[in-house]
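This report refers to the structure that appears directly beneath it.
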Amino acid sequence: MRARPLRVRAGSGSAGPSAVPGLAPAESTAPTPAVPGSTADTLPVPVAPAPAAPPAALPSASAGPAEPGPAPRPALPAVPAPPAVPPRIPAPGRPDAGPDAPAGPPPAPRFTGAPALNRSGPGDHWSRAWTEGAPLPVPPPGQLPGIASPEAELPPTLRDLALIRDSLAAVEPVADRATAHFYALIFLHHPEVRALFPAAMDVQRDRLFRALTTAARSAGEPAKLTEYLTGLGRAHRKYGVRTAHYAPVGECLVAALAKYSGDRWDGETELAWRRVYRLVSGIMIEAAEESARTAPAWWHAEVVSHERRAGDVAVLTVRPDQPYPFRAGQYAAVETPWWPRVWRPYSLAGAPRPDGLLTFHVKGVQAGWVSTALVGRAAPGDVLRLGPATGGMVVDHARGADLLCLGGGTGIAPLAALVEEVAEYGVNGRSVEVFYGARSLPELYALEELRRLDRRHPWLKVHPVVESPGTAPGEAVVGLLPEVVSRYAPWHGHDAFVSGPAAMVRRAVGVLLRAGVAQDRIHHDLAAEQPAG
């Protein structure tokens, strides 16, 4: 009986037969296809050949001469060094693109008029506006036959408002998808509008859509709608919005609503939305044009002082490049040069001053773009941009009612401004109670300034409030700020001003209503709240 050679299976994760000393290489019947990502796609690594050992013959059951062993494995060829310059990969569909073919021009961008989406620099229209004061490009007037039709020019009817409410009820469950589709339509069909928005749309994305739908819901209340849209039209000037931008936005809004309103959308509903949008855009355009006659779209403000306080709080004092009109209790949107087109609201921390300087209290928010830049990066000499002052948390000096102020954290900034303004105008027999709260006593960073005002003015009383129970008696009242205020109830006849975290403001409003403060005499800017950061 003849001896048969022993076969060893070679495959993924196993050694080839030639790597086992004394065994012959396996016979190959067909070439093995290379698997992407395997060693067949890479250059072979040179390995020194092992010395060939004579194959050991298996013992035979019958006597006879041994068969000769297999031929020794040939040595591997030398591997050339990798090229210094990577080879050029021919483009698909170009058989003539060989190694010696000319490189050709680079591909042209699809949208030549759109700025870069993730940077600020050459080619970004907003950078030019920041450094040189050049205006953003204005798109040509959009043609919207539906909005320009005679029927769309009529004021909305009660039937139109009912149709709008029905369509909004259908859109609300899918509001995120409708908003994304709305912006996709704007940026696809009107890429020049992209320059008005920040690089990251996570915060900004739903603001415009939410503002438009909020205005549509208020179309049946003319006075409330006009007040809301007037402020909105003036505020949107700082983004670079022009009259010509309203037509593309309206076109894309109607298209997005039509897609996500389902069976609630028909020709009558579309006409209702066009009528309402014409009313909304007309009020905003008129307000913006009126504001442009007397005020700039934004103010440049140089940082003249930057003081770190307890925790992640910084007090910034800035000098605007021209007079900045505002009332104590209002806030301003702030933009930094490090994050163009990203605006965040901050309350003005003092009443108007003769020298024109403005003060802001900023608390660094984790992952907050603007707040972390203002707290940790801004320094004297840096230039910020300010939007116009807005907000309705102002004192009615003609009424002369007693004031109750609740400030949590940096929410003390507008309340300190109110106290300063009352001191300048005269108290007219009124009293002012300020409850200033934080988690611990060191976080009451503005307490010493308030106590100086308390010692100077007999009509002012400051109550520090902390949540931590380890505070020494007499230093502060222990408890949550709204609950502490309720201990001093009732508060009948007071005008209440509340500023701070949104949760605290909502809780305080409920406490004040139960303590006797009328609804129309509770002032806060929670309705105009924007995401922190």
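By order in the structure tokens, chains are A, B, ...; within a chain, residues start at 1; ligands start at 1, following the order shown.
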**OP:** Identify, on the basis of only C-alpha atoms, every residue whose closest approach to range 315-331 of chain A does not exceed 9 Å; exclude the query and any residue fewer than 2 positions from it along the same chain; express the result as a ChimeraX atom specification.
**Re:** /A:299-309,313,333,345-352,355-363,374-375,378-380,383-386,388-395,413-421,525
So that I have them on file, write out the residues from the current selection with C-alpha atoms, as a short mmCIF file (atom, residue, chain, number, x, y, z; two decimals), in the first residue's frame.
data_model
loop_
_atom_site.label_atom_id
_atom_site.label_comp_id
_atom_site.auth_asym_id
_atom_site.auth_seq_id
_atom_site.Cartn_x
_atom_site.Cartn_y
_atom_site.Cartn_z
CA TRP A 299 -24.30 97.87 17.43
CA HIS A 300 -20.62 97.06 17.76
CA ALA A 301 -19.55 97.07 21.42
CA GLU A 302 -15.99 96.88 22.71
CA VAL A 303 -15.32 94.97 25.92
CA VAL A 304 -13.75 97.40 28.40
CA SER A 305 -13.97 95.25 31.53
CA HIS A 306 -14.19 91.50 32.20
CA GLU A 307 -14.53 90.32 35.80
CA ARG A 308 -14.90 86.72 36.88
CA ARG A 309 -17.26 86.14 39.80
CA VAL A 313 -20.17 83.87 36.15
CA ALA A 333 -29.13 89.69 21.89
CA PRO A 345 -30.11 87.09 24.93
CA TYR A 346 -28.59 88.65 28.04
CA SER A 347 -30.25 91.13 30.38
CA LEU A 348 -28.75 94.56 30.83
CA ALA A 349 -27.54 94.73 34.43
CA GLY A 350 -27.85 98.46 35.01
CA ALA A 351 -29.98 101.48 34.22
CA PRO A 352 -28.85 103.78 31.36
CA ASP A 355 -21.11 107.42 29.91
CA GLY A 356 -23.14 105.00 27.75
CA LEU A 357 -21.46 101.85 29.11
CA LEU A 358 -23.50 98.62 29.29
CA THR A 359 -23.10 95.73 31.74
CA PHE A 360 -24.03 92.06 31.28
CA HIS A 361 -23.97 89.15 33.74
CA VAL A 362 -23.13 85.91 31.93
CA LYS A 363 -23.13 82.41 33.39
CA LEU A 374 -18.02 85.36 26.83
CA VAL A 375 -16.96 83.88 30.18
CA ALA A 378 -13.62 87.41 25.92
CA ALA A 379 -11.19 90.06 27.14
CA PRO A 380 -10.89 93.85 27.08
CA VAL A 383 -15.65 93.55 19.93
CA LEU A 384 -19.14 92.06 20.24
CA ARG A 385 -22.33 92.80 18.37
CA LEU A 386 -25.59 93.76 20.06
CA PRO A 388 -31.72 96.16 19.78
CA ALA A 389 -33.00 96.12 23.35
CA THR A 390 -36.29 94.33 23.83
CA GLY A 391 -38.49 92.93 26.59
CA GLY A 392 -41.50 94.14 28.53
CA MET A 393 -40.18 93.78 32.08
CA VAL A 394 -40.14 97.54 32.71
CA VAL A 395 -41.48 99.66 35.58
CA ALA A 413 -29.14 91.48 36.60
CA PRO A 414 -32.36 93.10 35.27
CA LEU A 415 -33.74 93.49 38.80
CA ALA A 416 -30.65 95.42 39.88
CA ALA A 417 -31.24 97.65 36.87
CA LEU A 418 -34.84 98.22 37.97
CA VAL A 419 -33.68 99.24 41.45
CA GLU A 420 -31.22 101.73 39.95
CA GLU A 421 -33.92 103.21 37.71
CA ASP A 525 -39.82 87.52 29.71
#
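You will find CA of Trp298 in chain A at 29.2 Å from CA of Val505 in chain A.
Those residues that approach Arg234 in chain A to within 12 Å, counting only C-alpha atoms, are A:Glu227, A:Tyr228, A:Leu229, A:Tyr239, A:Gly240, A:Val241, A:Arg242, A:Ile283, A:Met284, A:Ile285, A:Glu286, A:Ala287, A:Ala288, A:Glu289, A:Glu290, A:Ser291, A:Ala292, A:Arg293, A:Thr294, A:Ala295, A:Pro296, A:Ala297, A:Trp298, A:Gly387, A:Pro388, A:Ala389, A:Thr390; same-chain residues fewer than 5 positions away are not listed.
For range 368-419 of chain A, the set of residues given helix (DSSP H, G or I) by DSSP on the backbone reads Trp369, Val370, Ser371, Thr372, Ala373, Leu374, Val375, Gly376, Gly409, Thr410, Gly411, Ile412, Ala413, Pro414, Leu415, Ala416, Ala417, Leu418 and Val419 of chain A.
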Original post:
What separation in Å, quoted to one decimal, exists between CA of Asp160 in chain A and CA of Tyr183 in chain A?
Top reply: 25.0 Å
